[in-house]
$ cat data-v7.cif   # mmCIF, N, CA and C atoms and all ligand atoms
data_start
#
loop_
_atom_site.label_atom_id
_atom_site.label_comp_id
_atom_site.auth_asym_id
_atom_site.auth_seq_id
_atom_site.Cartn_x
_atom_site.Cartn_y
_atom_site.Cartn_z
N MET A 96 0.85 -1.19 0.00
CA MET A 96 0.00 0.00 0.00
C MET A 96 0.88 1.24 0.00
N ALA A 97 0.54 2.17 -0.84
CA ALA A 97 1.33 3.41 -0.92
C ALA A 97 0.66 4.50 -0.09
N TYR A 98 1.47 5.26 0.57
CA TYR A 98 0.96 6.37 1.36
C TYR A 98 1.45 7.69 0.78
N VAL A 99 0.53 8.59 0.56
CA VAL A 99 0.90 9.94 0.18
C VAL A 99 0.43 10.83 1.31
N ALA A 100 1.35 11.43 1.99
CA ALA A 100 0.97 12.12 3.21
C ALA A 100 1.56 13.51 3.31
N ARG A 101 0.75 14.43 3.68
CA ARG A 101 1.21 15.75 4.08
C ARG A 101 1.14 15.83 5.59
N LYS A 102 0.04 15.29 6.11
CA LYS A 102 -0.18 15.39 7.53
C LYS A 102 0.73 14.41 8.24
N ILE A 103 1.39 14.87 9.26
CA ILE A 103 2.18 13.99 10.09
C ILE A 103 1.54 14.00 11.46
N PRO A 104 1.82 13.01 12.30
CA PRO A 104 1.03 12.81 13.52
C PRO A 104 0.82 14.07 14.36
N PHE A 105 1.83 14.81 14.64
CA PHE A 105 1.65 16.05 15.39
C PHE A 105 2.81 16.96 15.09
N VAL A 106 2.49 18.16 14.70
CA VAL A 106 3.54 19.15 14.49
C VAL A 106 3.29 20.26 15.49
N GLY A 107 3.95 20.17 16.62
CA GLY A 107 3.78 21.17 17.66
C GLY A 107 4.88 22.20 17.63
N THR A 108 4.67 23.26 18.36
CA THR A 108 5.66 24.31 18.43
C THR A 108 6.87 23.83 19.23
N PRO A 109 8.04 23.90 18.64
CA PRO A 109 9.23 23.49 19.38
C PRO A 109 9.63 24.55 20.40
N ASP A 110 10.37 24.15 21.39
CA ASP A 110 10.94 25.12 22.31
C ASP A 110 12.03 25.90 21.57
N THR A 111 11.98 27.20 21.71
CA THR A 111 13.03 28.01 21.08
C THR A 111 13.82 28.71 22.18
N ASN A 112 15.00 29.14 21.83
CA ASN A 112 15.83 29.91 22.75
C ASN A 112 16.64 30.90 21.90
N PRO A 113 17.38 31.80 22.53
CA PRO A 113 18.11 32.80 21.72
C PRO A 113 19.05 32.19 20.67
N GLU A 114 19.61 30.99 20.97
CA GLU A 114 20.50 30.35 20.00
C GLU A 114 19.76 29.87 18.77
N THR A 115 18.53 29.41 18.94
CA THR A 115 17.81 28.81 17.82
C THR A 115 16.76 29.73 17.19
N LYS A 116 16.52 30.90 17.79
CA LYS A 116 15.48 31.78 17.29
C LYS A 116 15.65 32.12 15.81
N PRO A 117 16.87 32.48 15.34
CA PRO A 117 17.00 32.78 13.90
C PRO A 117 16.67 31.58 13.00
N PHE A 118 16.89 30.36 13.50
CA PHE A 118 16.54 29.17 12.73
C PHE A 118 15.03 29.13 12.50
N PHE A 119 14.26 29.35 13.56
CA PHE A 119 12.81 29.28 13.45
C PHE A 119 12.23 30.50 12.72
N GLN A 120 12.84 31.65 12.90
CA GLN A 120 12.40 32.84 12.15
C GLN A 120 12.64 32.60 10.66
N GLY A 121 13.78 32.01 10.33
CA GLY A 121 14.09 31.69 8.93
C GLY A 121 13.08 30.70 8.37
N ALA A 122 12.79 29.65 9.14
CA ALA A 122 11.84 28.64 8.68
C ALA A 122 10.48 29.27 8.42
N ASP A 123 10.09 30.19 9.28
CA ASP A 123 8.80 30.85 9.12
C ASP A 123 8.77 31.71 7.85
N ALA A 124 9.96 32.13 7.40
CA ALA A 124 10.07 32.93 6.17
C ALA A 124 10.44 32.06 4.97
N GLY A 125 10.41 30.72 5.13
CA GLY A 125 10.70 29.82 4.03
C GLY A 125 12.18 29.66 3.74
N LYS A 126 13.01 29.86 4.76
CA LYS A 126 14.46 29.70 4.59
C LYS A 126 14.98 28.67 5.58
N LEU A 127 15.82 27.76 5.07
CA LEU A 127 16.47 26.79 5.95
C LEU A 127 17.80 27.39 6.39
N MET A 128 17.90 27.73 7.65
CA MET A 128 19.09 28.41 8.15
C MET A 128 20.02 27.41 8.86
N VAL A 129 21.31 27.54 8.58
CA VAL A 129 22.32 26.70 9.23
C VAL A 129 23.42 27.62 9.76
N ARG A 130 24.27 27.07 10.59
CA ARG A 130 25.38 27.84 11.15
C ARG A 130 26.68 27.44 10.45
N ARG A 131 27.47 28.47 10.07
CA ARG A 131 28.78 28.21 9.45
C ARG A 131 29.85 28.84 10.34
N CYS A 132 30.90 28.08 10.56
CA CYS A 132 32.02 28.55 11.38
C CYS A 132 32.82 29.59 10.60
N THR A 133 33.16 30.69 11.25
CA THR A 133 33.95 31.72 10.58
C THR A 133 35.43 31.35 10.56
N SER A 134 35.84 30.34 11.34
CA SER A 134 37.25 29.91 11.36
C SER A 134 37.49 28.76 10.39
N CYS A 135 36.87 27.60 10.65
CA CYS A 135 37.12 26.41 9.81
C CYS A 135 36.16 26.30 8.64
N LYS A 136 35.13 27.16 8.58
CA LYS A 136 34.16 27.25 7.47
C LYS A 136 33.20 26.07 7.38
N LYS A 137 33.26 25.13 8.33
CA LYS A 137 32.32 23.99 8.30
C LYS A 137 30.93 24.44 8.73
N VAL A 138 29.92 23.79 8.16
CA VAL A 138 28.52 24.05 8.50
C VAL A 138 28.07 22.96 9.46
N HIS A 139 27.26 23.34 10.45
CA HIS A 139 26.73 22.32 11.36
C HIS A 139 25.23 22.54 11.58
N HIS A 140 24.58 21.50 12.09
CA HIS A 140 23.18 21.54 12.47
C HIS A 140 23.03 20.49 13.56
N TYR A 141 22.35 20.71 14.65
CA TYR A 141 21.52 21.80 15.07
C TYR A 141 22.33 23.07 15.37
N PRO A 142 21.66 24.21 15.43
CA PRO A 142 22.39 25.46 15.62
C PRO A 142 23.07 25.56 16.99
N ARG A 143 24.34 25.91 16.96
CA ARG A 143 25.09 26.14 18.20
C ARG A 143 25.87 27.44 18.07
N GLU A 144 26.11 28.07 19.20
CA GLU A 144 26.81 29.35 19.19
C GLU A 144 28.26 29.16 18.76
N LEU A 145 28.91 28.11 19.28
CA LEU A 145 30.31 27.84 18.94
C LEU A 145 30.40 26.61 18.03
N CYS A 146 31.38 26.63 17.15
CA CYS A 146 31.58 25.52 16.21
C CYS A 146 31.87 24.23 16.97
N PRO A 147 31.14 23.12 16.65
CA PRO A 147 31.39 21.86 17.33
C PRO A 147 32.69 21.19 16.87
N PHE A 148 33.32 21.72 15.82
CA PHE A 148 34.56 21.13 15.31
C PHE A 148 35.80 21.82 15.87
N CYS A 149 35.74 23.16 16.00
CA CYS A 149 36.95 23.90 16.44
C CYS A 149 36.67 24.96 17.49
N PHE A 150 35.44 25.05 17.95
CA PHE A 150 35.02 26.04 18.96
C PHE A 150 35.14 27.48 18.46
N GLY A 151 35.20 27.65 17.15
CA GLY A 151 35.23 29.00 16.59
C GLY A 151 33.85 29.64 16.61
N ASN A 152 33.81 30.91 16.32
CA ASN A 152 32.54 31.63 16.24
C ASN A 152 31.82 31.27 14.94
N CYS A 153 30.50 31.38 14.96
CA CYS A 153 29.70 30.98 13.80
C CYS A 153 28.78 32.11 13.36
N GLU A 154 28.35 32.01 12.11
CA GLU A 154 27.38 32.96 11.58
C GLU A 154 26.28 32.17 10.89
N TRP A 155 25.11 32.82 10.75
CA TRP A 155 23.98 32.19 10.07
C TRP A 155 24.15 32.25 8.56
N GLN A 156 23.69 31.20 7.91
CA GLN A 156 23.74 31.14 6.45
C GLN A 156 22.48 30.43 5.98
N GLU A 157 21.89 30.89 4.89
CA GLU A 157 20.75 30.19 4.31
C GLU A 157 21.26 29.00 3.51
N ALA A 158 20.75 27.81 3.82
CA ALA A 158 21.12 26.61 3.08
C ALA A 158 20.35 26.56 1.77
N SER A 159 20.85 25.76 0.83
CA SER A 159 20.19 25.66 -0.48
C SER A 159 18.83 24.96 -0.37
N GLY A 160 18.68 24.12 0.67
CA GLY A 160 17.46 23.33 0.80
C GLY A 160 17.53 22.03 0.02
N LYS A 161 18.65 21.80 -0.68
CA LYS A 161 18.84 20.55 -1.42
C LYS A 161 19.56 19.55 -0.53
N ALA A 162 19.13 18.29 -0.61
CA ALA A 162 19.72 17.25 0.22
C ALA A 162 19.52 15.89 -0.44
N LYS A 163 20.19 14.88 0.13
CA LYS A 163 20.00 13.50 -0.29
C LYS A 163 19.61 12.68 0.94
N ILE A 164 18.75 11.70 0.72
CA ILE A 164 18.34 10.84 1.83
C ILE A 164 19.52 9.97 2.25
N TYR A 165 19.89 10.07 3.53
CA TYR A 165 20.95 9.25 4.09
C TYR A 165 20.38 7.92 4.58
N THR A 166 19.25 8.00 5.29
CA THR A 166 18.55 6.81 5.74
C THR A 166 17.12 7.21 6.11
N PHE A 167 16.22 6.24 6.15
CA PHE A 167 14.84 6.58 6.51
C PHE A 167 14.13 5.33 7.01
N SER A 168 12.99 5.56 7.65
CA SER A 168 12.13 4.48 8.13
C SER A 168 10.68 4.93 8.01
N VAL A 169 9.82 4.03 7.58
CA VAL A 169 8.40 4.33 7.43
C VAL A 169 7.65 3.69 8.59
N MET A 170 6.91 4.50 9.32
CA MET A 170 6.12 4.02 10.45
C MET A 170 4.73 3.68 9.93
N GLU A 171 4.61 2.47 9.35
CA GLU A 171 3.37 2.07 8.68
C GLU A 171 2.24 1.78 9.66
N ARG A 172 2.57 1.42 10.89
CA ARG A 172 1.53 1.05 11.85
C ARG A 172 0.96 2.26 12.58
N ALA A 173 1.59 3.43 12.39
CA ALA A 173 1.06 4.64 13.01
C ALA A 173 -0.18 5.08 12.24
N ASN A 174 -1.02 5.86 12.88
CA ASN A 174 -2.22 6.39 12.21
C ASN A 174 -2.25 7.90 12.37
N PRO A 175 -1.93 8.69 11.32
CA PRO A 175 -1.56 8.22 9.99
C PRO A 175 -0.10 7.77 9.94
N PRO A 176 0.23 6.91 8.96
CA PRO A 176 1.63 6.51 8.79
C PRO A 176 2.50 7.73 8.52
N TYR A 177 3.76 7.64 8.87
CA TYR A 177 4.69 8.73 8.58
C TYR A 177 6.07 8.15 8.32
N ALA A 178 6.93 8.97 7.74
CA ALA A 178 8.30 8.54 7.43
C ALA A 178 9.26 9.55 8.02
N ILE A 179 10.27 9.04 8.71
CA ILE A 179 11.32 9.89 9.25
C ILE A 179 12.66 9.40 8.74
N GLY A 180 13.67 10.23 8.84
CA GLY A 180 15.00 9.80 8.44
C GLY A 180 15.98 10.95 8.54
N TYR A 181 17.19 10.66 8.12
CA TYR A 181 18.22 11.69 8.03
C TYR A 181 18.45 12.02 6.57
N VAL A 182 18.59 13.32 6.31
CA VAL A 182 19.02 13.76 5.00
C VAL A 182 20.35 14.48 5.18
N THR A 183 21.21 14.37 4.17
CA THR A 183 22.48 15.08 4.19
C THR A 183 22.34 16.30 3.31
N LEU A 184 22.45 17.46 3.94
CA LEU A 184 22.32 18.72 3.22
C LEU A 184 23.47 18.89 2.24
N GLU A 185 23.23 19.63 1.17
CA GLU A 185 24.27 19.97 0.20
C GLU A 185 25.48 20.61 0.90
N GLU A 186 25.19 21.33 2.01
CA GLU A 186 26.25 22.03 2.74
C GLU A 186 27.02 21.11 3.68
N GLY A 187 26.57 19.86 3.86
CA GLY A 187 27.34 18.91 4.65
C GLY A 187 26.65 18.23 5.81
N PRO A 188 25.97 18.98 6.69
CA PRO A 188 25.40 18.31 7.86
C PRO A 188 24.24 17.37 7.52
N SER A 189 24.05 16.38 8.38
CA SER A 189 22.89 15.51 8.29
C SER A 189 21.84 16.00 9.27
N VAL A 190 20.58 15.95 8.83
CA VAL A 190 19.48 16.54 9.58
C VAL A 190 18.37 15.50 9.72
N LEU A 191 17.87 15.34 10.94
CA LEU A 191 16.72 14.46 11.18
C LEU A 191 15.46 15.16 10.70
N THR A 192 14.60 14.45 9.99
CA THR A 192 13.44 15.09 9.40
C THR A 192 12.29 14.11 9.21
N ASN A 193 11.11 14.65 8.98
CA ASN A 193 10.00 13.87 8.44
C ASN A 193 9.98 14.08 6.93
N PHE A 194 9.47 13.09 6.21
CA PHE A 194 9.26 13.24 4.77
C PHE A 194 7.78 13.48 4.55
N VAL A 195 7.46 14.45 3.73
CA VAL A 195 6.06 14.85 3.50
C VAL A 195 5.79 14.93 2.00
N ASP A 196 4.50 14.98 1.66
CA ASP A 196 4.05 15.16 0.27
C ASP A 196 4.66 14.12 -0.66
N CYS A 197 4.65 12.87 -0.24
CA CYS A 197 5.27 11.85 -1.10
C CYS A 197 4.70 10.47 -0.82
N ASP A 198 4.98 9.56 -1.76
CA ASP A 198 4.67 8.15 -1.61
C ASP A 198 5.82 7.54 -0.82
N PHE A 199 5.57 7.16 0.42
CA PHE A 199 6.64 6.64 1.26
C PHE A 199 7.29 5.39 0.65
N LYS A 200 6.51 4.61 -0.08
CA LYS A 200 7.05 3.38 -0.69
C LYS A 200 8.06 3.68 -1.80
N ALA A 201 8.04 4.92 -2.31
CA ALA A 201 8.95 5.27 -3.40
C ALA A 201 10.24 5.93 -2.89
N LEU A 202 10.34 6.14 -1.58
CA LEU A 202 11.57 6.75 -1.03
C LEU A 202 12.74 5.79 -1.19
N LYS A 203 13.92 6.36 -1.50
CA LYS A 203 15.13 5.55 -1.68
C LYS A 203 16.31 6.26 -1.02
N ILE A 204 17.18 5.49 -0.42
CA ILE A 204 18.43 6.06 0.10
C ILE A 204 19.21 6.65 -1.06
N GLY A 205 19.73 7.85 -0.87
CA GLY A 205 20.49 8.53 -1.92
C GLY A 205 19.62 9.41 -2.81
N GLN A 206 18.31 9.34 -2.62
CA GLN A 206 17.37 10.13 -3.43
C GLN A 206 17.53 11.62 -3.15
N ASP A 207 17.41 12.44 -4.20
CA ASP A 207 17.41 13.89 -4.04
C ASP A 207 16.10 14.34 -3.41
N VAL A 208 16.22 15.19 -2.41
CA VAL A 208 15.05 15.77 -1.76
C VAL A 208 15.28 17.27 -1.60
N LYS A 209 14.20 17.97 -1.30
CA LYS A 209 14.30 19.41 -1.09
C LYS A 209 13.46 19.79 0.12
N VAL A 210 13.84 20.90 0.71
CA VAL A 210 13.14 21.34 1.92
C VAL A 210 11.76 21.90 1.56
N THR A 211 10.83 21.71 2.47
CA THR A 211 9.51 22.33 2.38
C THR A 211 9.11 22.68 3.80
N PHE A 212 8.22 23.63 3.97
CA PHE A 212 7.92 24.12 5.31
C PHE A 212 6.47 23.82 5.67
N VAL A 213 6.27 23.35 6.89
CA VAL A 213 4.94 22.97 7.37
C VAL A 213 4.62 23.82 8.60
N LYS A 214 3.43 24.40 8.60
CA LYS A 214 2.97 25.19 9.75
C LYS A 214 2.73 24.28 10.95
N THR A 215 3.10 24.72 12.10
CA THR A 215 2.78 23.96 13.30
C THR A 215 1.29 24.07 13.59
N GLU A 216 0.77 23.06 14.26
CA GLU A 216 -0.67 22.99 14.48
C GLU A 216 -1.16 23.95 15.55
N ASP A 217 -0.24 24.45 16.36
CA ASP A 217 -0.65 25.34 17.44
C ASP A 217 -0.13 26.77 17.27
N GLY A 218 0.08 27.15 16.01
CA GLY A 218 0.36 28.55 15.71
C GLY A 218 1.80 28.99 15.87
N GLY A 219 2.70 28.07 16.10
CA GLY A 219 4.12 28.43 16.23
C GLY A 219 4.76 28.60 14.87
N PRO A 220 6.08 28.69 14.83
CA PRO A 220 6.76 28.88 13.56
C PRO A 220 6.65 27.64 12.67
N SER A 221 6.78 27.85 11.37
CA SER A 221 6.83 26.72 10.44
C SER A 221 8.08 25.90 10.73
N LEU A 222 8.02 24.63 10.34
CA LEU A 222 9.17 23.75 10.53
C LEU A 222 9.61 23.20 9.18
N PRO A 223 10.92 23.01 9.00
CA PRO A 223 11.40 22.45 7.74
C PRO A 223 11.29 20.93 7.72
N PHE A 224 10.74 20.40 6.64
CA PHE A 224 10.71 18.97 6.39
C PHE A 224 11.19 18.76 4.95
N PHE A 225 11.27 17.51 4.53
CA PHE A 225 11.80 17.26 3.18
C PHE A 225 10.82 16.45 2.35
N THR A 226 10.90 16.67 1.04
CA THR A 226 10.04 16.02 0.08
C THR A 226 10.89 15.72 -1.16
N PRO A 227 10.54 14.72 -1.95
CA PRO A 227 11.34 14.41 -3.15
C PRO A 227 11.50 15.64 -4.05
N ALA A 228 12.73 15.79 -4.60
CA ALA A 228 13.04 16.96 -5.45
C ALA A 228 12.43 16.78 -6.83
ZN ZN A 301 35.05 25.59 13.16
#

$ encode --input "data-v7.cif" --output "structure tokens"
Amino acid sequence: MAYVARKIPFVGTPDTNPETKPFFQGADAGKLMVRRCTSCKKVHHYPRELCPFCFGNCEWQEASGKAKIYTFSVMERANPPYAIGYVTLEEGPSVLTNFVDCDFKALKIGQDVKVTFVKTEDGGPSLPFFTPA
């Protein structure tokens, strides 16, 4: 059975803090924001004030939104079914996500995906998820 789903079980407002606020503001504006180190130039996710590789200072950067599926799992017994997994962003980091607007049975490791934004059910900021490119 193929599932085409936009709705995922619950999309609630995440806890935000000063470190992550620009990430959620960006998502609400349709931008996937990541942190880039000003010293070693590596990009990381989730957002942190200091670089997890060299402890250098970081700045915000808009990611391309292009990624490839690293791994995924389909929760077929959930109601409604949903698919989660990691995608590797074009900029380097891997991000845990739900997959939306797609046939879960057609998902493949290595598949090109792109970011899309889903409104939270309780009025919070939009959240980034991924869908086939
Ligand atoms: Zn660094």

$ closest_atom_pairs --input "data-v7.cif" --of "chain A" --to "ligand ZN 301 (chain A)" --cutoff "6 Å" --atoms "all atoms listed in the file" --output "JSON lines"
{"residue": "A:Cys132", "atom": "CA", "partner": "A:ZN301", "partner_atom": "ZN", "distance": 4.6}
{"residue": "A:Thr133", "atom": "N", "partner": "A:ZN301", "partner_atom": "ZN", "distance": 5.8}
{"residue": "A:Ser134", "atom": "C", "partner": "A:ZN301", "partner_atom": "ZN", "distance": 4.9}
{"residue": "A:Cys135", "atom": "N", "partner": "A:ZN301", "partner_atom": "ZN", "distance": 3.7}
{"residue": "A:Lys136", "atom": "N", "partner": "A:ZN301", "partner_atom": "ZN", "distance": 4.8}
{"residue": "A:Lys137", "atom": "N", "partner": "A:ZN301", "partner_atom": "ZN", "distance": 5.2}
{"residue": "A:Cys146", "atom": "CA", "partner": "A:ZN301", "partner_atom": "ZN", "distance": 4.6}
{"residue": "A:Pro147", "atom": "N", "partner": "A:ZN301", "partner_atom": "ZN", "distance": 5.8}
{"residue": "A:Phe148", "atom": "C", "partner": "A:ZN301", "partner_atom": "ZN", "distance": 4.7}
{"residue": "A:Cys149", "atom": "N", "partner": "A:ZN301", "partner_atom": "ZN", "distance": 3.8}
{"residue": "A:Phe150", "atom": "N", "partner": "A:ZN301", "partner_atom": "ZN", "distance": 4.8}
{"residue": "A:Gly151", "atom": "N", "partner": "A:ZN301", "partner_atom": "ZN", "distance": 4.5}

$ select_by_dssp --input "data-v7.cif" --residues "chain A" --states "helix (DSSP H, G or I)" --output "number ranges by chain"
A: 116-123, 199-201

$ write_last_selection --input "data-v7.cif" --atoms "N, CA and C atoms" --output "tab-separated table (two decimals), in the frame of the given file"
chain	number	residue	atom	x	y	z
A	116	LYS	N	16.52	30.90	17.79
A	116	LYS	CA	15.48	31.78	17.29
A	116	LYS	C	15.65	32.12	15.81
A	117	PRO	N	16.87	32.48	15.34
A	117	PRO	CA	17.00	32.78	13.90
A	117	PRO	C	16.67	31.58	13.00
A	118	PHE	N	16.89	30.36	13.50
A	118	PHE	CA	16.54	29.17	12.73
A	118	PHE	C	15.03	29.13	12.50
A	119	PHE	N	14.26	29.35	13.56
A	119	PHE	CA	12.81	29.28	13.45
A	119	PHE	C	12.23	30.50	12.72
A	120	GLN	N	12.84	31.65	12.90
A	120	GLN	CA	12.40	32.84	12.15
A	120	GLN	C	12.64	32.60	10.66
A	121	GLY	N	13.78	32.01	10.33
A	121	GLY	CA	14.09	31.69	8.93
A	121	GLY	C	13.08	30.70	8.37
A	122	ALA	N	12.79	29.65	9.14
A	122	ALA	CA	11.84	28.64	8.68
A	122	ALA	C	10.48	29.27	8.42
A	123	ASP	N	10.09	30.19	9.28
A	123	ASP	CA	8.80	30.85	9.12
A	123	ASP	C	8.77	31.71	7.85
A	199	PHE	N	5.57	7.16	0.42
A	199	PHE	CA	6.64	6.64	1.26
A	199	PHE	C	7.29	5.39	0.65
A	200	LYS	N	6.51	4.61	-0.08
A	200	LYS	CA	7.05	3.38	-0.69
A	200	LYS	C	8.06	3.68	-1.80
A	201	ALA	N	8.04	4.92	-2.31
A	201	ALA	CA	8.95	5.27	-3.40
A	201	ALA	C	10.24	5.93	-2.89

$ atom_distance --input "data-v7.cif" --atom1 "atom CA of A:Glu114" --atom2 "atom CA of A:Leu191"
18.6 Å

$ atom_distance --input "data-v7.cif" --atom1 "atom N of A:Tyr177" --atom2 "atom N of A:Pro220"
22.0 Å

$ atom_distance --input "data-v7.cif" --atom1 "atom CA of A:Ala173" --atom2 "atom CA of A:Val210"
23.4 Å

$ closest_residue --input "data-v7.cif" --among "A:Met128, A:Ile204, A:Ala228, A:Leu222" --to "A:Glu157" --atoms "all atoms listed in the file"
A:Met128

$ select_by_dssp --input "data-v7.cif" --residues "chain A" --states "strand (DSSP E or B)" --output "VMD selection string"
chain A and resid 99 to 100 128 to 132 138 to 139 145 152 to 157 161 to 170 177 to 184 189 to 194 197 to 198 207 to 213 222 to 227
